[in-house]
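Colleague: One file is attached below, entry-v6.txt, containing compact mmCIF, C-alpha atoms.
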```txt
# COMPACT_ATOMS: atom_id res chain seq x y z
CA MET K 1 18.99 -14.82 11.54
CA LEU K 2 19.91 -16.91 8.50
CA LEU K 3 16.29 -17.98 8.09
CA ILE K 4 15.16 -14.36 8.22
CA LEU K 5 17.73 -13.40 5.59
CA VAL K 6 16.45 -16.19 3.34
CA ILE K 7 12.78 -15.20 3.84
CA PHE K 8 13.41 -11.53 3.08
CA ILE K 9 15.59 -12.26 0.05
CA ALA K 10 12.98 -14.69 -1.29
CA LEU K 11 10.25 -12.07 -0.81
CA ILE K 12 12.31 -9.46 -2.63
CA VAL K 13 13.08 -11.83 -5.50
CA ILE K 14 9.41 -12.83 -5.83
CA LEU K 15 7.82 -9.41 -5.36
CA GLU K 16 10.28 -6.92 -6.81
CA LEU K 17 12.75 -8.54 -9.17
CA PRO K 18 10.34 -9.43 -12.03
CA GLU K 19 9.12 -5.82 -12.21
CA LEU K 20 12.66 -4.42 -12.13
CA LEU K 21 13.83 -6.83 -14.84
CA LYS K 22 10.80 -6.05 -16.95
CA GLY K 23 11.49 -2.32 -16.70
CA LYS K 24 15.22 -2.89 -17.37
CA ALA K 25 15.94 -0.88 -14.22
CA TYR K 26 19.51 -2.13 -13.88
CA ARG K 27 20.64 0.70 -11.60
CA ASP K 28 17.80 -0.11 -9.22
CA ILE K 29 18.77 -3.79 -9.32
CA ILE K 30 22.34 -2.84 -8.37
CA ILE K 31 21.05 -0.76 -5.43
CA VAL K 32 18.88 -3.64 -4.19
CA THR K 33 21.78 -6.07 -4.57
CA LEU K 34 24.11 -3.80 -2.60
CA LEU K 35 21.55 -3.39 0.19
CA LEU K 36 21.03 -7.16 0.35
CA PHE K 37 24.78 -7.76 0.34
CA LEU K 38 25.20 -5.37 3.27
CA SER K 39 22.34 -7.03 5.16
CA ALA K 40 23.73 -10.50 4.45
CA ALA K 41 27.24 -9.51 5.59
CA TYR K 42 26.00 -8.10 8.90
CA GLY K 43 23.42 -10.87 9.32
CA ILE K 44 26.06 -13.58 8.93
CA ALA K 45 28.44 -11.69 11.23
CA TYR K 46 25.68 -11.53 13.85
CA HIS K 47 24.94 -15.22 13.42
CA LEU K 48 28.61 -16.12 13.87
CA HIS K 49 29.01 -13.67 16.81
CA SER K 50 31.77 -12.03 14.81
CA GLU K 51 33.02 -8.52 15.63
CA MET K 52 34.88 -8.11 12.37
CA LEU K 53 32.54 -5.60 10.75
CA PRO K 54 32.44 -2.03 12.07
CA ASN K 55 29.61 -1.50 14.54
CA PRO K 56 27.76 1.83 14.12
CA ASN K 57 27.32 1.70 17.89
CA HIS K 58 30.83 3.10 18.24
CA ILE K 59 29.47 6.50 17.25
CA PHE K 60 27.32 6.45 20.39
CA TYR K 61 30.19 5.10 22.52
CA SER K 62 32.29 8.04 21.42
CA LEU K 63 29.64 10.39 22.81
CA ASP K 64 29.62 8.71 26.25
CA PRO K 65 32.08 11.19 27.82
CA LEU K 66 29.88 14.10 26.75
CA ALA K 67 26.80 12.47 28.29
CA GLU K 68 28.74 11.70 31.49
CA TYR K 69 30.01 15.27 31.68
CA PHE K 70 26.44 16.55 31.29
CA GLN K 71 25.26 14.22 34.06
CA SER K 72 28.06 15.26 36.40
CA LEU K 73 27.42 18.92 35.60
CA LEU K 74 23.81 18.57 36.67
CA GLN K 75 24.73 16.16 39.48
CA ILE K 76 22.11 13.67 38.43
CA GLY K 77 22.23 10.03 39.48
CA ASP K 78 22.82 7.05 37.27
CA GLU K 79 19.65 5.08 37.98
CA ILE K 80 19.25 2.13 35.67
CA GLN K 81 15.69 1.62 34.57
CA LEU K 82 14.50 -1.95 34.79
CA MET M 1 -8.13 12.00 -3.17
CA ASN M 2 -4.90 11.39 -5.07
CA GLU M 3 -3.09 8.22 -3.94
CA ASN M 4 0.00 10.19 -2.94
CA LYS M 5 -1.73 13.14 -1.32
CA ILE M 6 -2.85 13.53 2.26
CA ALA M 7 -4.85 16.22 4.03
CA SER M 8 -3.47 18.48 6.77
CA ARG M 9 -5.97 16.91 9.17
CA GLN M 10 -4.44 13.47 8.49
CA ALA M 11 -0.94 14.90 8.89
CA ALA M 12 -2.10 16.26 12.26
CA PHE M 13 -3.14 12.75 13.30
CA LEU M 14 0.23 11.41 12.20
CA THR M 15 1.91 14.14 14.28
CA PHE M 16 -0.24 13.16 17.26
CA PHE M 17 0.79 9.50 16.94
CA LEU M 18 4.42 10.46 16.42
CA ILE M 19 4.50 12.52 19.62
CA LEU M 20 2.92 9.78 21.71
CA GLY M 21 5.01 7.09 19.95
CA THR M 22 6.93 4.89 22.33
CA ALA M 23 7.78 7.85 24.57
CA ILE M 24 4.34 7.52 26.19
CA ILE M 25 5.44 4.09 27.42
CA TYR M 26 9.10 4.70 28.29
CA MET M 27 8.97 8.24 29.75
CA PRO M 28 12.60 9.22 29.05
CA GLU M 29 12.29 12.33 31.24
CA SER M 30 11.44 10.32 34.40
CA ILE M 31 14.90 11.21 35.81
CA ALA M 32 13.19 14.44 36.99
CA GLY M 33 11.18 12.42 39.55
CA ARG M 34 8.18 14.30 40.91
CA ASP M 35 8.87 17.19 38.49
CA THR M 36 8.70 14.97 35.42
CA TRP M 37 5.66 16.85 34.14
CA LEU M 38 7.69 20.07 34.27
CA SER M 39 10.46 18.46 32.17
CA THR M 40 7.87 17.37 29.62
CA LEU M 41 6.42 20.87 29.52
CA ILE M 42 9.80 22.60 29.13
CA ALA M 43 10.70 20.33 26.19
CA VAL M 44 7.56 21.15 24.16
CA PRO M 45 8.91 24.34 22.47
CA VAL M 46 11.80 22.37 20.90
CA GLY M 47 9.42 20.35 18.74
CA MET M 48 7.29 23.43 18.11
CA TYR M 49 10.35 25.27 16.78
CA ILE M 50 11.25 22.38 14.44
CA LEU M 51 7.65 22.14 13.25
CA MET M 52 7.53 25.87 12.50
CA VAL M 53 10.83 25.77 10.60
CA ILE M 54 9.90 22.78 8.44
CA ILE M 55 6.42 24.07 7.63
CA THR M 56 7.72 27.54 6.75
CA LEU M 57 10.45 25.97 4.62
CA GLN M 58 7.93 23.79 2.80
CA MET M 59 5.76 26.84 2.10
CA MET M 60 8.78 28.61 0.60
CA PHE M 61 9.28 25.71 -1.83
CA PRO M 62 5.84 24.15 -2.30
CA GLY M 63 5.68 20.56 -3.55
CA ARG M 64 9.44 20.01 -3.25
CA ASN M 65 11.07 17.45 -1.00
CA ILE M 66 13.49 18.78 1.66
CA MET M 67 16.36 16.86 0.07
CA ASP M 68 15.75 18.55 -3.28
CA ILE M 69 15.51 21.91 -1.52
CA SER M 70 18.77 21.20 0.28
CA GLU M 71 20.61 20.49 -3.00
CA LEU M 72 19.02 23.53 -4.62
CA VAL M 73 19.94 26.05 -1.95
CA LEU M 74 23.26 24.64 -0.72
CA GLY M 75 24.65 23.24 -3.95
CA LYS M 76 24.71 19.60 -5.02
CA TRP M 77 27.52 18.22 -2.84
CA ALA M 78 27.02 20.27 0.31
CA GLY M 79 23.30 19.48 0.07
CA ARG M 80 23.96 15.77 -0.40
CA ILE M 81 26.34 15.57 2.55
CA LEU M 82 23.76 17.27 4.77
CA ASN M 83 21.06 14.93 3.43
CA ALA M 84 23.24 11.90 4.20
CA PHE M 85 23.43 13.02 7.85
CA TYR M 86 19.67 13.17 8.00
CA VAL M 87 19.20 9.77 6.34
CA TRP M 88 21.63 8.35 8.91
CA LEU M 89 19.46 9.87 11.67
CA LEU M 90 16.33 8.37 10.09
CA PHE M 91 18.04 4.98 10.10
CA VAL M 92 19.25 5.20 13.72
CA ILE M 93 15.93 6.40 15.12
CA THR M 94 14.01 3.70 13.22
CA THR M 95 16.24 0.98 14.69
CA PHE M 96 15.59 2.34 18.18
CA TYR M 97 11.82 2.41 17.58
CA LEU M 98 11.96 -1.16 16.37
CA TYR M 99 13.89 -2.13 19.47
CA ASP M 100 11.51 -0.28 21.83
CA LEU M 101 8.50 -1.98 20.38
CA PHE M 102 10.20 -5.37 20.61
CA ILE M 103 11.01 -4.84 24.30
CA LEU M 104 7.41 -3.88 25.02
CA LEU M 105 6.07 -6.96 23.25
CA ASP M 106 8.70 -9.23 24.73
CA ILE M 107 8.11 -8.15 28.32
CA VAL M 108 4.36 -8.01 28.13
CA ILE M 109 3.15 -10.74 25.81
CA LEU M 110 5.20 -12.85 23.50
CA ASP M 111 8.18 -15.07 23.97
CA LEU M 112 9.80 -15.18 20.55
CA THR M 113 13.38 -14.56 19.56
CA ARG M 114 14.14 -10.93 18.82
CA GLN M 115 14.80 -11.33 15.09
CA ILE M 116 11.34 -12.85 14.63
CA HIS M 117 9.81 -9.95 16.54
CA TYR M 118 11.70 -7.45 14.41
CA SER M 119 10.73 -9.21 11.19
CA ILE M 120 7.03 -9.37 12.06
CA LEU M 121 6.98 -5.67 12.94
CA ILE M 122 8.92 -4.68 9.81
CA LEU M 123 6.78 -6.82 7.50
CA LEU M 124 3.64 -5.35 9.06
CA ALA M 125 4.95 -1.82 8.53
CA ALA M 126 6.21 -2.69 5.03
CA TYR M 127 2.72 -3.85 4.07
CA CYS M 128 1.29 -0.48 5.14
CA ILE M 129 4.01 1.38 3.21
CA TYR M 130 3.35 -0.71 0.09
CA LYS M 131 -0.24 0.56 0.22
CA GLY M 132 0.99 4.15 -0.08
CA ILE M 133 1.20 7.29 2.04
CA ASN M 134 -2.52 7.91 1.64
CA ALA M 135 -3.33 4.48 3.11
CA VAL M 136 -1.08 5.14 6.13
CA ALA M 137 -2.79 8.50 6.66
CA ARG M 138 -6.24 6.89 6.40
CA LEU M 139 -5.20 4.26 8.93
CA ALA M 140 -4.24 7.09 11.28
CA ASP M 141 -7.59 8.72 10.54
CA LEU M 142 -9.35 5.53 11.50
CA LEU M 143 -7.42 4.66 14.66
CA VAL M 144 -7.03 8.11 16.17
CA TRP M 145 -10.55 8.02 17.60
CA LEU M 146 -9.98 4.65 19.23
CA VAL M 147 -6.74 5.92 20.73
CA ALA M 148 -8.36 9.18 21.89
CA LEU M 149 -11.20 7.25 23.53
CA SER M 150 -8.79 4.87 25.28
CA LEU M 151 -6.69 7.80 26.46
CA ALA M 152 -9.73 9.60 27.86
CA LEU M 153 -10.83 6.40 29.61
CA GLY M 154 -7.33 5.79 30.98
CA ILE M 155 -7.04 9.34 32.31
CA PHE M 156 -10.49 9.13 33.91
CA ILE M 157 -9.82 5.76 35.60
CA SER M 158 -6.40 6.91 36.81
CA ILE M 159 -7.83 10.06 38.42
CA VAL M 160 -10.76 8.25 40.01
CA SER M 161 -9.11 5.12 41.28
CA GLY M 162 -5.41 5.49 41.82
CA ALA M 163 -3.89 8.97 41.61
CA ASN M 164 -2.50 10.62 44.71
CA PHE M 165 -1.58 14.14 43.68
CA SER M 166 0.29 14.80 46.93
CA TYR M 167 3.18 12.80 45.37
CA LEU M 168 3.75 15.79 43.08
CA ALA M 169 4.60 18.18 45.92
CA PRO M 170 6.85 20.00 46.60
CA VAL M 171 7.42 21.33 43.12
CA LEU M 172 10.89 22.21 41.76
CA VAL M 173 12.99 21.51 44.85
CA ASP M 174 15.94 20.73 42.59
CA TRP M 175 16.02 22.25 39.09
CA LYS M 176 18.96 20.18 37.80
CA PRO M 177 17.13 16.88 37.14
CA VAL M 178 14.35 18.92 35.52
CA ILE M 179 16.81 20.39 33.02
CA ALA M 180 18.29 16.95 32.31
CA GLY M 181 14.80 15.46 31.91
CA SER M 182 13.76 18.21 29.55
CA LEU M 183 16.83 17.58 27.36
CA TYR M 184 15.98 13.88 27.18
CA ALA M 185 12.32 14.63 26.42
CA ALA M 186 13.28 17.26 23.84
CA ASN M 187 15.15 14.60 21.92
CA TRP M 188 12.60 11.83 22.44
CA PRO M 189 9.81 12.44 21.42
CA PHE M 190 9.46 16.18 20.73
CA ALA M 191 12.34 16.80 18.29
CA GLN M 192 11.29 13.72 16.35
CA VAL M 193 8.61 15.73 14.59
CA SER M 194 11.45 16.61 12.22
CA VAL M 195 10.58 13.43 10.28
CA LEU M 196 7.38 15.13 9.13
CA ILE M 197 9.64 17.04 6.77
CA MET M 198 9.47 13.96 4.51
CA TYR M 199 5.65 14.05 4.49
CA LEU M 200 5.01 17.75 3.99
CA PRO M 201 5.32 17.70 0.15
CA PHE M 202 2.43 15.22 0.07
CA ILE M 203 0.01 17.48 1.95
CA SER M 204 -2.52 18.95 -0.47
CA ASP M 205 -3.82 21.80 1.72
CA LEU M 206 -0.75 22.77 3.73
CA ALA M 207 -0.99 26.50 3.02
CA GLU M 208 -4.61 26.80 4.16
CA LYS M 209 -4.83 24.29 6.99
CA ARG M 210 -1.33 24.00 8.43
CA ARG M 211 -2.65 25.01 11.86
CA ALA M 212 -4.14 21.52 12.20
CA ILE M 213 -0.60 20.08 12.36
CA TYR M 214 0.32 22.42 15.21
CA TYR M 215 -2.86 21.42 17.03
CA GLY M 216 -2.01 17.74 16.55
CA TYR M 217 1.41 18.39 18.06
CA LEU M 218 0.09 20.42 20.99
CA ILE M 219 -2.63 17.90 21.85
CA GLY M 220 0.00 15.12 21.81
CA ALA M 221 2.25 17.21 24.06
CA LEU M 222 -0.63 17.94 26.44
CA ILE M 223 -1.36 14.23 26.74
CA LEU M 224 2.30 13.56 27.57
CA VAL M 225 2.20 16.21 30.31
CA ILE M 226 -0.99 14.65 31.73
CA ARG M 227 0.67 11.22 31.51
CA SER M 228 3.68 12.48 33.48
CA ILE M 229 1.41 13.94 36.18
CA LEU M 230 -0.72 10.81 36.48
CA VAL M 231 2.12 8.28 36.42
CA VAL M 232 4.00 10.08 39.22
CA SER M 233 0.71 10.47 41.14
CA ILE M 234 0.13 6.72 40.96
CA LEU M 235 3.63 5.28 41.31
CA GLY M 236 5.42 8.01 43.26
CA ALA M 237 8.65 9.68 42.15
CA GLU M 238 11.12 6.95 43.13
CA ILE M 239 9.34 4.01 41.48
CA THR M 240 8.73 6.11 38.35
CA LYS M 241 12.49 6.74 38.10
CA ILE M 242 13.50 3.09 38.24
CA THR M 243 10.67 1.57 36.19
CA ARG M 244 11.24 0.71 32.53
CA HIS M 245 7.60 1.16 31.43
CA PRO M 246 6.15 3.55 34.02
CA ILE M 247 2.76 4.01 32.35
CA TYR M 248 2.27 0.28 32.02
CA GLN M 249 3.28 -0.24 35.64
CA ALA M 250 0.81 2.47 36.71
CA LEU M 251 -2.02 0.88 34.72
CA ARG M 252 -1.30 -2.48 36.35
CA LEU M 253 -1.96 -0.97 39.76
CA LEU M 254 -5.41 0.27 38.83
CA ASP M 255 -8.55 -1.67 39.71
CA VAL M 256 -12.04 -0.74 38.61
CA GLY M 257 -14.56 -2.42 40.89
CA THR M 258 -14.06 -6.14 40.43
CA PHE M 259 -12.10 -5.68 37.18
CA GLU M 260 -8.39 -6.36 37.52
CA ARG M 261 -5.49 -6.24 35.05
CA ILE M 262 -7.13 -3.46 33.05
CA ASP M 263 -3.65 -2.75 31.70
CA MET M 264 -4.28 -5.33 28.99
CA ILE M 265 -7.04 -3.11 27.56
CA PHE M 266 -4.58 -0.25 27.28
CA PHE M 267 -1.86 -2.40 25.83
CA ALA M 268 -3.54 -2.03 22.43
CA LEU M 269 -3.33 1.75 22.76
CA LEU M 270 0.35 1.66 23.67
CA PHE M 271 1.11 -0.72 20.81
CA ILE M 272 -0.79 1.35 18.24
CA THR M 273 1.03 4.58 19.12
CA GLY M 274 4.42 2.82 19.16
CA PHE M 275 3.73 1.05 15.89
CA PHE M 276 2.68 4.29 14.22
CA ALA M 277 5.91 5.97 15.28
CA LEU M 278 7.85 3.06 13.77
CA LEU M 279 5.75 3.19 10.61
CA ILE M 280 6.24 6.95 10.16
CA TRP M 281 10.01 6.72 10.66
CA TYR M 282 10.35 3.68 8.42
CA GLN M 283 8.44 5.39 5.64
CA GLY M 284 10.47 8.56 6.18
CA LEU M 285 13.64 6.47 5.88
CA ILE M 286 12.47 4.90 2.60
CA LEU M 287 11.67 8.36 1.19
CA GLY M 288 15.03 9.64 2.39
CA VAL M 289 16.99 6.76 0.83
CA GLN M 290 15.04 7.18 -2.41
CA LYS M 291 15.91 10.88 -2.62
CA LEU M 292 19.51 10.39 -1.53
CA LEU M 293 20.04 7.78 -4.26
CA ASP M 294 18.13 9.95 -6.70
CA ARG M 295 15.62 7.26 -7.70
CA ALA M 296 12.15 7.85 -9.11
CA GLU M 297 10.53 4.78 -7.50
CA MET M 298 10.56 3.88 -3.79
CA ARG M 299 8.56 0.64 -3.87
CA TYR M 300 11.49 -1.70 -4.47
CA LEU M 301 13.43 -0.17 -1.55
CA ILE M 302 10.84 -1.08 1.09
CA LEU M 303 11.88 -4.68 1.77
CA PRO M 304 15.68 -4.33 1.33
CA VAL M 305 15.73 -1.37 3.74
CA GLY M 306 13.43 -3.33 6.07
CA LEU M 307 15.87 -6.23 6.10
CA LEU M 308 18.71 -3.81 6.77
CA LEU M 309 16.77 -2.51 9.78
CA VAL M 310 16.17 -6.02 11.14
CA VAL M 311 19.85 -6.95 10.75
CA PHE M 312 21.29 -3.72 12.13
CA THR M 313 18.89 -3.59 15.09
CA SER M 314 20.06 -7.10 16.00
CA TYR M 315 23.72 -6.24 15.44
CA MET M 316 23.79 -2.81 17.11
CA LEU M 317 21.36 -3.12 20.00
CA THR M 318 22.32 -6.24 21.91
CA VAL M 319 22.65 -5.66 25.67
CA ASP M 320 19.31 -4.35 26.89
CA MET M 321 20.52 -2.57 30.04
CA GLU M 322 23.09 -0.70 27.97
CA VAL M 323 20.74 0.15 25.10
CA PHE M 324 18.10 1.94 27.14
CA ALA M 325 20.59 3.99 29.16
CA ARG M 326 22.35 4.98 25.93
CA GLN M 327 19.09 5.76 24.15
CA VAL M 328 18.02 8.16 26.89
CA ARG M 329 21.35 9.62 28.05
CA VAL M 330 23.64 9.58 24.99
CA LEU M 331 21.37 9.72 21.96
CA PRO M 332 20.30 13.36 22.60
CA PHE M 333 23.89 14.47 21.96
CA HIS M 334 23.89 12.61 18.65
CA SER M 335 20.35 13.18 17.39
CA LEU M 336 19.15 16.48 18.80
CA PRO M 337 21.73 18.59 16.89
CA ILE M 338 20.73 16.91 13.60
CA HIS M 339 17.00 17.27 14.35
CA ILE M 340 17.45 20.99 14.95
CA LEU M 341 20.33 21.97 12.65
CA TYR M 342 19.29 20.11 9.48
CA PRO M 343 16.05 22.05 8.89
CA THR M 344 17.50 25.26 10.34
CA ILE M 345 20.51 25.31 7.99
CA ILE M 346 18.33 24.62 4.96
CA TYR M 347 15.83 27.25 6.11
CA ILE M 348 18.53 29.93 6.42
CA ALA M 349 20.10 28.92 3.09
CA GLY M 350 16.62 28.94 1.51
CA LYS M 351 16.00 32.47 2.77
CA ILE M 352 19.30 33.65 1.29
CA TYR M 353 18.56 31.80 -1.98
CA LYS M 354 15.12 33.43 -2.27
CA LYS M 355 16.54 36.87 -1.50
CA ARG M 356 19.27 36.50 -4.13
CA ASN M 357 16.79 35.22 -6.69
CA THR M 358 14.49 38.16 -6.11
CA ALA M 359 17.40 40.60 -6.34
CA SER M 360 18.73 39.06 -9.60
CA ARG M 361 15.23 39.10 -11.15
CA ALA M 362 14.85 42.77 -10.23
CA ALA M 363 18.26 43.52 -11.80
CA VAL M 364 17.25 41.77 -15.07
CA ARG M 365 14.08 43.88 -15.28
```
Spell out the structure here as structure tokens.
Modeller:
Amino acid sequence: MLLILVIFIALIVILELPELLKGKAYRDIIIVTLLLFLSAAYGIAYHLHSEMLPNPNHIFYSLDPLAEYFQSLLQIGDEIQL
Amino acid sequence: MNENKIASRQAAFLTFFLILGTAIIYMPESIAGRDTWLSTLIAVPVGMYILMVIITLQMMFPGRNIMDISELVLGKWAGRILNAFYVWLLFVITTFYLYDLFILLDIVILDLTRQIHYSILILLAAYCIYKGINAVARLADLLVWLVALSLALGIFISIVSGANFSYLAPVLVDWKPVIAGSLYAANWPFAQVSVLIMYLPFISDLAEKRRAIYYGYLIGALILVIRSILVVSILGAEITKITRHPIYQALRLLDVGTFERIDMIFFALLFITGFFALLIWYQGLILGVQKLLDRAEMRYLILPVGLLLVVFTSYMLTVDMEVFARQVRVLPFHSLPIHILYPTIIYIAGKIYKKRNTASRAAVR
């Protein structure tokens, strides 16, 4: 994951940064930096197997009871597809 | 043609690819067993409704992006909040497409780590997006004939050499799995035509030739119904239910004379349709983020958002058995309301806005 982070960041710096600096697009540079910071934070957390950062998956977990209720309502099985 | 303009015919091809997407491989409605084709058929109107709403809305505000329309008719903050929900949906669906394509590649061909898979797919898609919307549409224009030919060949071979249509009888013994299957199919792939909302402002001849987009959708839907019939006819209801890639499994069973493993020929078809779905959603996401952040240029967002997708797909979607079950069973309750409500709310608000505008103009006169 760390290697992928480095490759993507290098690509962004090589391909996009000169143009943004040339155009003095500082707001755009801030947006790119924030996106990279977010990616780096989650990428490092993934690499370290850390659960510290909030996982967007929890939104889906919170909907599990609704899905289970729907399944029980229609009496459908819980086959797991392989 | 202008670099940022596409024709309705090309948008129809994109719709066709979007409908086939990865759903042609995974068959989320297979829970319905021998009535899977019925589930597919019942789900078709959901996408048709969304398509009608977004096209009508675009015709009411020609040349404007949905996110601009949303802010115009609902007010800046209410519009932005609604737009943020849709951008979130674009993000989630794109991660799932990335994951689906990785699983297909991982099971069938390659043996790389998942992050490398994700990165290759994202960089490939990013290259296409860098070339512009017109280039993506022309790619669809070019490949649609290859895909159509492969599909026709696949359907022909399946009917001649492996299909046993008695597996489809009796029809509709139990309606409950059919309803469940149709909900799953409505969410994936039919409701996903909502992403076309991001492309509609780029269509140069929408008013005159919008019917082509409906045809693209209906042909895609017809192919999915035929797929459901053929897969169950080849594998039988029970195996279809428990197989991860039913269409691929069905193709593996087919022999043509002395030719074996003809599934590898069709792998290209399955990959192209899946990749196009990823490409369309990824580009939709870039356009959505650009509008949400109110930026004039989208080019510099392509790679940072791509990296975000790679990282979040790795972080969010880890345990495969859990991911697929959640994607089919739980995601409809998260995504389907946004797919349907987002364009519907803006459409209703747009109607009210237009009515008020007309009334105030009449009062001024």
Colleague: Name all residues at most 9 Å from stretch 198-208 of chain M (count all atoms listed in the file; drop same-chain ones fewer than 3 positions away) and give them as JSON, numbers by chain.
Modeller: {"M": [4, 5, 6, 7, 8, 10, 11, 54, 55, 58, 59, 62, 63, 64, 65, 66, 67, 133, 134, 194, 195, 211, 283, 284, 285, 287, 288]}
Colleague: Looking at M:Asn83, M:Ser228, M:Gln327, M:Thr243, which one is nearest to M:Leu341, with distances taken over only C-alpha atoms?
Modeller: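 Selected residue with least distance to M:Leu341: M:Asn83.
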Colleague: Could you list, as a ChimeraX atom specification, every residue within 12 Å of stretch 38-47 of chain K, counting only C-alpha atoms and ignoring same-chain residues fewer than 6 positions away?
Modeller: /K:1-9,31-32,53-56 /M:115,303-318
Colleague: Which residue out of K:Met52, K:Glu16, K:Ala10, K:Pro65 has the minimum interatomic distance to chain M when only C-alpha atoms are used?
Modeller: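 Looking at the shortest contact to chain M, the residue is K:Glu16.
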Colleague: Which residues, protein or nucleic acid, reach to within 9 Å of (26.4, 18.3, 23.7) in the file's coordinates when using all atoms listed in the file, and can you give that as a ChimeraX atom specification?
Modeller: /K:63,66-67,70 /M:332-334,336-337
Colleague: In terms of the shortest atom-to-atom distance over only C-alpha atoms, which of K:Leu74, K:Ala25, K:Ile14, K:Ile30 is closest to chain M?
Modeller: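 Nearest to chain M: K:Leu74.
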Colleague: Pick out the closest residue to chain M from this set: K:Lys24, K:Ile76, K:Glu51, K:Ser62. Count only C-alpha atoms.
Modeller: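 The closest residue to chain M is K:Ile76.
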Colleague: Report the distance between atom CA of M:Phe156 and atom CA of M:Gly236 in Å, rounded to one decimal place.
Modeller: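 Value for the atom CA of M:Phe156-atom CA of M:Gly236 distance: 18.5 Å.
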Colleague: Within 7 Å of stretch 265-271 of chain M, counting all atoms listed in the file, which residues show up once you throw out same-chain ones fewer than 2 positions away? Write them as a ChimeraX atom specification, please.
Modeller: /M:25,147,150,262-263,273-275
Colleague: Since the input lacks some atoms of stretch 173-185 of chain M, please model N, CA, C and O atoms and print them as a short mmCIF file (atom, residue, chain, number, x, y, z; two decimals), in the coordinates of the input.
Modeller:
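The resulting file, out.cif, is reproduced below:
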```cif
data_model
loop_
_atom_site.label_atom_id
_atom_site.label_comp_id
_atom_site.auth_asym_id
_atom_site.auth_seq_id
_atom_site.Cartn_x
_atom_site.Cartn_y
_atom_site.Cartn_z
N VAL M 173 12.02 21.40 43.75
CA VAL M 173 12.99 21.51 44.85
C VAL M 173 14.40 21.57 44.26
O VAL M 173 15.24 22.34 44.71
N ASP M 174 14.63 20.74 43.25
CA ASP M 174 15.94 20.73 42.59
C ASP M 174 15.72 20.91 41.08
O ASP M 174 15.05 20.08 40.45
N TRP M 175 16.27 21.97 40.51
CA TRP M 175 16.02 22.25 39.09
C TRP M 175 16.90 21.42 38.15
O TRP M 175 16.60 21.27 36.98
N LYS M 176 18.01 20.87 38.69
CA LYS M 176 18.96 20.18 37.80
C LYS M 176 18.37 18.95 37.10
O LYS M 176 18.50 18.81 35.88
N PRO M 177 17.73 18.04 37.85
CA PRO M 177 17.13 16.88 37.14
C PRO M 177 16.05 17.31 36.15
O PRO M 177 15.84 16.64 35.14
N VAL M 178 15.40 18.43 36.43
CA VAL M 178 14.35 18.92 35.52
C VAL M 178 14.97 19.32 34.18
O VAL M 178 14.44 19.00 33.11
N ILE M 179 16.12 19.99 34.26
CA ILE M 179 16.81 20.39 33.02
C ILE M 179 17.26 19.16 32.24
O ILE M 179 17.07 19.06 31.02
N ALA M 180 17.84 18.19 32.98
CA ALA M 180 18.29 16.95 32.31
C ALA M 180 17.10 16.23 31.66
O ALA M 180 17.15 15.84 30.49
N GLY M 181 16.01 16.13 32.43
CA GLY M 181 14.80 15.46 31.91
C GLY M 181 14.26 16.16 30.68
O GLY M 181 13.83 15.52 29.72
N SER M 182 14.31 17.48 30.70
CA SER M 182 13.76 18.21 29.55
C SER M 182 14.64 18.03 28.31
O SER M 182 14.13 17.98 27.19
N LEU M 183 15.96 17.86 28.51
CA LEU M 183 16.83 17.58 27.36
C LEU M 183 16.49 16.21 26.77
O LEU M 183 16.36 16.06 25.55
N TYR M 184 16.30 15.23 27.66
CA TYR M 184 15.98 13.88 27.18
C TYR M 184 14.62 13.86 26.46
O TYR M 184 14.47 13.21 25.43
N ALA M 185 13.65 14.59 27.04
CA ALA M 185 12.32 14.63 26.42
C ALA M 185 12.33 15.43 25.12
O ALA M 185 11.59 15.12 24.18
#
```
